[in-house]
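S.K.: Okay, so here is data_39.txt, and as you'll see once you scroll down, it has compact mmCIF, N, CA and C atoms and all ligand atoms.
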# COMPACT_ATOMS: atom_id res chain seq x y z
N MET A 8 232.04 111.42 96.11
CA MET A 8 231.29 111.04 97.32
C MET A 8 230.36 109.89 97.03
N TYR A 9 230.43 108.90 97.87
CA TYR A 9 229.56 107.74 97.70
C TYR A 9 228.61 107.61 98.89
N PHE A 10 227.40 107.31 98.59
CA PHE A 10 226.44 107.03 99.66
C PHE A 10 225.95 105.60 99.48
N ASP A 11 226.72 104.69 99.98
CA ASP A 11 226.38 103.29 99.82
C ASP A 11 226.38 102.62 101.19
N LEU A 12 225.76 103.29 102.12
CA LEU A 12 225.76 102.78 103.47
C LEU A 12 224.63 101.79 103.64
N LYS A 13 224.98 100.69 104.27
CA LYS A 13 223.96 99.72 104.60
C LYS A 13 223.15 100.24 105.78
N ILE A 14 221.85 100.18 105.66
CA ILE A 14 221.02 100.55 106.81
C ILE A 14 220.03 99.44 107.11
N VAL A 15 219.65 99.37 108.35
CA VAL A 15 218.60 98.44 108.74
C VAL A 15 217.53 99.27 109.46
N SER A 16 216.28 98.88 109.29
CA SER A 16 215.22 99.65 109.93
C SER A 16 214.16 98.75 110.51
N PHE A 17 213.46 99.31 111.46
CA PHE A 17 212.44 98.58 112.18
C PHE A 17 211.28 99.51 112.49
N ARG A 18 210.09 99.10 112.16
CA ARG A 18 208.91 99.89 112.49
C ARG A 18 208.21 99.25 113.68
N CYS A 19 208.11 100.03 114.74
CA CYS A 19 207.53 99.51 115.97
C CYS A 19 206.09 99.04 115.74
N ALA A 20 205.36 99.72 114.88
CA ALA A 20 203.96 99.38 114.64
C ALA A 20 203.80 97.95 114.12
N GLU A 21 204.86 97.40 113.52
CA GLU A 21 204.77 96.03 113.01
C GLU A 21 204.66 95.01 114.12
N MET A 22 204.96 95.44 115.34
CA MET A 22 204.80 94.56 116.49
C MET A 22 203.39 94.68 117.08
N GLY A 23 202.51 95.37 116.36
CA GLY A 23 201.13 95.48 116.84
C GLY A 23 200.93 96.58 117.86
N THR A 24 201.92 97.47 117.98
CA THR A 24 201.77 98.60 118.89
C THR A 24 201.12 99.76 118.15
N ASN A 25 200.71 100.76 118.91
CA ASN A 25 200.15 101.96 118.33
C ASN A 25 201.23 103.01 118.10
N CYS A 26 202.45 102.55 118.04
CA CYS A 26 203.61 103.41 118.09
C CYS A 26 204.06 103.73 116.67
N SER A 27 204.36 105.01 116.41
CA SER A 27 204.71 105.39 115.03
C SER A 27 206.23 105.47 114.83
N TYR A 28 206.99 104.98 115.79
CA TYR A 28 208.44 105.05 115.67
C TYR A 28 208.99 104.14 114.58
N THR A 29 209.93 104.69 113.82
CA THR A 29 210.77 103.85 112.95
C THR A 29 212.20 104.04 113.41
N LEU A 30 212.86 102.94 113.72
CA LEU A 30 214.24 103.02 114.18
C LEU A 30 215.15 102.61 113.04
N ILE A 31 216.25 103.36 112.89
CA ILE A 31 217.19 103.10 111.80
C ILE A 31 218.59 103.02 112.37
N ALA A 32 219.36 102.06 111.90
CA ALA A 32 220.74 101.93 112.38
C ALA A 32 221.61 101.38 111.25
N ARG A 33 222.91 101.26 111.54
CA ARG A 33 223.86 100.81 110.54
C ARG A 33 224.07 99.30 110.57
N SER A 34 223.70 98.68 111.66
CA SER A 34 223.84 97.23 111.74
C SER A 34 222.71 96.67 112.59
N LYS A 35 222.48 95.39 112.42
CA LYS A 35 221.41 94.73 113.14
C LYS A 35 221.65 94.77 114.66
N GLU A 36 222.91 94.62 115.05
CA GLU A 36 223.25 94.63 116.47
C GLU A 36 222.92 95.99 117.08
N GLU A 37 223.33 97.05 116.34
CA GLU A 37 223.06 98.42 116.79
C GLU A 37 221.55 98.65 116.86
N LEU A 38 220.85 98.18 115.85
CA LEU A 38 219.40 98.37 115.80
C LEU A 38 218.72 97.66 116.97
N LEU A 39 219.14 96.45 117.26
CA LEU A 39 218.54 95.71 118.37
C LEU A 39 218.76 96.43 119.69
N ARG A 40 219.95 97.03 119.85
CA ARG A 40 220.19 97.82 121.06
C ARG A 40 219.24 99.01 121.12
N ASP A 41 219.08 99.70 119.99
CA ASP A 41 218.16 100.84 119.94
C ASP A 41 216.73 100.41 120.24
N ILE A 42 216.35 99.26 119.72
CA ILE A 42 214.99 98.76 119.95
C ILE A 42 214.80 98.46 121.43
N GLN A 43 215.82 97.87 122.07
CA GLN A 43 215.72 97.59 123.50
C GLN A 43 215.58 98.88 124.30
N ASN A 44 216.37 99.90 123.93
CA ASN A 44 216.25 101.21 124.57
C ASN A 44 214.87 101.79 124.38
N HIS A 45 214.39 101.71 123.15
CA HIS A 45 213.08 102.24 122.81
C HIS A 45 211.99 101.51 123.61
N ALA A 46 212.09 100.21 123.67
CA ALA A 46 211.09 99.42 124.38
C ALA A 46 211.05 99.80 125.86
N LEU A 47 212.23 100.06 126.41
CA LEU A 47 212.30 100.43 127.83
C LEU A 47 211.75 101.84 128.05
N ARG A 48 212.23 102.81 127.25
CA ARG A 48 211.86 104.20 127.51
C ARG A 48 210.43 104.52 127.11
N ILE A 49 209.98 103.97 126.01
CA ILE A 49 208.66 104.33 125.49
C ILE A 49 207.60 103.34 125.97
N HIS A 50 207.97 102.06 126.06
CA HIS A 50 206.96 101.05 126.39
C HIS A 50 207.14 100.44 127.78
N GLY A 51 208.18 100.88 128.50
CA GLY A 51 208.40 100.42 129.85
C GLY A 51 208.71 98.93 129.97
N MET A 52 209.25 98.35 128.90
CA MET A 52 209.59 96.93 128.91
C MET A 52 211.06 96.76 129.24
N GLU A 53 211.37 96.18 130.39
CA GLU A 53 212.77 96.04 130.77
C GLU A 53 213.46 94.92 130.02
N ASP A 54 212.75 93.86 129.80
CA ASP A 54 213.33 92.74 129.08
C ASP A 54 212.42 92.36 127.92
N LEU A 55 213.03 92.10 126.79
CA LEU A 55 212.24 91.64 125.66
C LEU A 55 212.27 90.11 125.67
N PRO A 56 211.12 89.47 125.71
CA PRO A 56 211.10 88.01 125.67
C PRO A 56 211.69 87.48 124.36
N ALA A 57 212.31 86.31 124.44
CA ALA A 57 213.01 85.76 123.28
C ALA A 57 212.12 85.64 122.04
N ASP A 58 210.85 85.28 122.26
CA ASP A 58 209.99 85.13 121.08
C ASP A 58 209.69 86.48 120.43
N LEU A 59 209.66 87.54 121.27
CA LEU A 59 209.45 88.87 120.70
C LEU A 59 210.69 89.33 119.94
N VAL A 60 211.86 89.02 120.49
CA VAL A 60 213.10 89.37 119.79
C VAL A 60 213.14 88.68 118.42
N LYS A 61 212.70 87.43 118.37
CA LYS A 61 212.64 86.71 117.09
C LYS A 61 211.73 87.43 116.12
N LYS A 62 210.56 87.84 116.59
CA LYS A 62 209.62 88.58 115.74
C LYS A 62 210.23 89.88 115.24
N ILE A 63 210.92 90.55 116.16
CA ILE A 63 211.57 91.82 115.80
C ILE A 63 212.62 91.57 114.72
N GLU A 64 213.47 90.57 114.95
CA GLU A 64 214.52 90.28 113.97
C GLU A 64 213.94 89.95 112.61
N PHE A 65 212.80 89.26 112.63
CA PHE A 65 212.16 88.86 111.39
C PHE A 65 211.63 90.09 110.63
N SER A 66 211.24 91.12 111.36
CA SER A 66 210.61 92.27 110.70
C SER A 66 211.62 93.37 110.35
N ILE A 67 212.89 93.17 110.71
CA ILE A 67 213.90 94.15 110.38
C ILE A 67 214.14 94.18 108.87
N LYS A 68 214.12 95.39 108.32
CA LYS A 68 214.35 95.54 106.88
C LYS A 68 215.78 95.99 106.64
N VAL A 69 216.39 95.39 105.65
CA VAL A 69 217.75 95.78 105.28
C VAL A 69 217.71 96.52 103.96
N GLY A 70 218.36 97.68 103.92
CA GLY A 70 218.36 98.45 102.69
C GLY A 70 219.62 99.30 102.57
N ARG A 71 219.67 100.08 101.55
CA ARG A 71 220.82 100.98 101.36
C ARG A 71 220.30 102.38 101.16
N MET A 72 221.16 103.36 101.51
CA MET A 72 220.77 104.72 101.20
C MET A 72 221.98 105.50 100.73
ZN ZN B 1 207.42 101.80 120.04
Would you mind writing the file out in structure tokens?
Ligand SMILES: [Zn+2]

M.R.:
Amino acid sequence: MYFDLKIVSFRCAEMGTNCSYTLIARSKEELLRDIQNHALRIHGMEDLPADLVKKIEFSIKVGRM
């Protein structure tokens, strides 16, 4: 058994929110979708402005588990 899955993660608090959520996914695309869902459901943001998406992408961590 091998556990060599690529994961990407994002901490909402890095965007200056008071939010303790950490989102984890298998790819950046998947993670960005999850972040958009999270922003809508938890923060009521329907659209993420392009500059915020850039900030989010910049703060995404890539790792393995
Ligand atoms: Zn949040």

S.K.: Write out as a VMD selection string the residues lying within 9 Å of Ile14 of chain A, counting only C-alpha atoms and excluding same-chain residues fewer than 3 positions away.

M.R.: chain A and resid 31 to 35 68 to 72

S.K.: Do you have, as JSON lines, the list of residues of chain A lying at most 6 Å from ligand ZN 1 (chain B), each with its nearest atom pair and that distance in Å to one decimal, counting only C-alpha atoms and all ligand atoms and ordered by chain then number?

M.R.:
{"residue": "A:Cys19", "atom": "CA", "partner": "B:ZN1", "partner_atom": "ZN", "distance": 4.7}
{"residue": "A:Cys26", "atom": "CA", "partner": "B:ZN1", "partner_atom": "ZN", "distance": 4.6}
{"residue": "A:Tyr28", "atom": "CA", "partner": "B:ZN1", "partner_atom": "ZN", "distance": 5.5}

S.K.: In terms of the shortest atom-to-atom distance over all atoms listed in the file, which of A:Glu21, A:Val15, A:Ala57, A:His50 is closest to Leu38 of chain A?

M.R.: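 Closest to Leu38 of chain A, using all atoms listed in the file: A:Val15.
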
S.K.: Could you tell me, as a PyMOL selection string, which residues of chain A DSSP assigns to helix (DSSP H, G or I) when given the backbone?

M.R.: chain A and resi 19-22+35-50+57-66

S.K.: Mind pulling up the distance from atom CA of Thr24 of chain A to atom N of Leu59 of chain A?

M.R.: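 Computing the Euclidean distance for atom N of Leu59 of chain A and atom CA of Thr24 of chain A yields 13.8 Å.
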
S.K.: Could you give me, as a list of chain:residue names, each residue of segment 28-70 of chain A that DSSP assigns to strand (DSSP E or B) when run on this structure's backbone?

M.R.: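 Secondary structure check on segment 28-70 of chain A, strand (DSSP E or B): A:Thr29, A:Leu30, A:Ile31, A:Ala32, A:Lys68, A:Val69, A:Gly70.
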
S.K.: Quick one: distance from atom CA of Ile67 of chain A to atom C of Gln43 of chain A in Å, one decimal?

M.R.: 14.8 Å

S.K.: Using atom C of Lys13 of chain A and atom CA of Pro56 of chain A as the two end points, give the distance in Å to one decimal.

M.R.: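 Separation between atom C of Lys13 of chain A and atom CA of Pro56 of chain A: 26.3 Å.
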
S.K.: Please report, as AutoDock Vina command-line options, the centre and edge lengths in Å to one decimal of an axis-aligned box covering all listed atoms of segment 57-70 of chain A with 3 Å per side.

M.R.:
--center_x 214.5 --center_y 92.2 --center_z 113.5 --size_x 16.2 --size_y 20.2 --size_z 27.9

S.K.: Leaving out Arg40 of chain A and any residue of its chain fewer than 4 positions from it, which residues lie within 12 Å of it when counting only C-alpha atoms, given as JSON, numbers by chain?

M.R.: {"A": [17, 30, 31, 32, 33, 34, 35, 36, 44, 45, 46, 47, 54, 55, 60, 63, 64]}

S.K.: Produce a file of the selected residues containing N, CA and C atoms, as a PDB file, in the coordinates of the input.

M.R.:
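The result, stored in again26.pdb:
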ATOM      1  N   PHE A  17     213.460  99.310 111.460  1.00  0.00           N
ATOM      2  CA  PHE A  17     212.440  98.580 112.180  1.00  0.00           C
ATOM      3  C   PHE A  17     211.280  99.510 112.490  1.00  0.00           C
ATOM      4  N   LEU A  30     212.860 102.940 113.720  1.00  0.00           N
ATOM      5  CA  LEU A  30     214.240 103.020 114.180  1.00  0.00           C
ATOM      6  C   LEU A  30     215.150 102.610 113.040  1.00  0.00           C
ATOM      7  N   ILE A  31     216.250 103.360 112.890  1.00  0.00           N
ATOM      8  CA  ILE A  31     217.190 103.100 111.800  1.00  0.00           C
ATOM      9  C   ILE A  31     218.590 103.020 112.370  1.00  0.00           C
ATOM     10  N   ALA A  32     219.360 102.060 111.900  1.00  0.00           N
ATOM     11  CA  ALA A  32     220.740 101.930 112.380  1.00  0.00           C
ATOM     12  C   ALA A  32     221.610 101.380 111.250  1.00  0.00           C
ATOM     13  N   ARG A  33     222.910 101.260 111.540  1.00  0.00           N
ATOM     14  CA  ARG A  33     223.860 100.810 110.540  1.00  0.00           C
ATOM     15  C   ARG A  33     224.070  99.300 110.570  1.00  0.00           C
ATOM     16  N   SER A  34     223.700  98.680 111.660  1.00  0.00           N
ATOM     17  CA  SER A  34     223.840  97.230 111.740  1.00  0.00           C
ATOM     18  C   SER A  34     222.710  96.670 112.590  1.00  0.00           C
ATOM     19  N   LYS A  35     222.480  95.390 112.420  1.00  0.00           N
ATOM     20  CA  LYS A  35     221.410  94.730 113.140  1.00  0.00           C
ATOM     21  C   LYS A  35     221.650  94.770 114.660  1.00  0.00           C
ATOM     22  N   GLU A  36     222.910  94.620 115.050  1.00  0.00           N
ATOM     23  CA  GLU A  36     223.250  94.630 116.470  1.00  0.00           C
ATOM     24  C   GLU A  36     222.920  95.990 117.080  1.00  0.00           C
ATOM     25  N   ASN A  44     216.370  99.900 123.930  1.00  0.00           N
ATOM     26  CA  ASN A  44     216.250 101.210 124.570  1.00  0.00           C
ATOM     27  C   ASN A  44     214.870 101.790 124.380  1.00  0.00           C
ATOM     28  N   HIS A  45     214.390 101.710 123.150  1.00  0.00           N
ATOM     29  CA  HIS A  45     213.080 102.240 122.810  1.00  0.00           C
ATOM     30  C   HIS A  45     211.990 101.510 123.610  1.00  0.00           C
ATOM     31  N   ALA A  46     212.090 100.210 123.670  1.00  0.00           N
ATOM     32  CA  ALA A  46     211.090  99.420 124.380  1.00  0.00           C
ATOM     33  C   ALA A  46     211.050  99.800 125.860  1.00  0.00           C
ATOM     34  N   LEU A  47     212.230 100.060 126.410  1.00  0.00           N
ATOM     35  CA  LEU A  47     212.300 100.430 127.830  1.00  0.00           C
ATOM     36  C   LEU A  47     211.750 101.840 128.050  1.00  0.00           C
ATOM     37  N   ASP A  54     212.750  93.860 129.800  1.00  0.00           N
ATOM     38  CA  ASP A  54     213.330  92.740 129.080  1.00  0.00           C
ATOM     39  C   ASP A  54     212.420  92.360 127.920  1.00  0.00           C
ATOM     40  N   LEU A  55     213.030  92.100 126.790  1.00  0.00           N
ATOM     41  CA  LEU A  55     212.240  91.640 125.660  1.00  0.00           C
ATOM     42  C   LEU A  55     212.270  90.110 125.670  1.00  0.00           C
ATOM     43  N   VAL A  60     211.860  89.020 120.490  1.00  0.00           N
ATOM     44  CA  VAL A  60     213.100  89.370 119.790  1.00  0.00           C
ATOM     45  C   VAL A  60     213.140  88.680 118.420  1.00  0.00           C
ATOM     46  N   ILE A  63     210.920  90.550 116.160  1.00  0.00           N
ATOM     47  CA  ILE A  63     211.570  91.820 115.800  1.00  0.00           C
ATOM     48  C   ILE A  63     212.620  91.570 114.720  1.00  0.00           C
ATOM     49  N   GLU A  64     213.470  90.570 114.950  1.00  0.00           N
ATOM     50  CA  GLU A  64     214.520  90.280 113.970  1.00  0.00           C
ATOM     51  C   GLU A  64     213.940  89.950 112.610  1.00  0.00           C
TER      52      GLU A  64
END
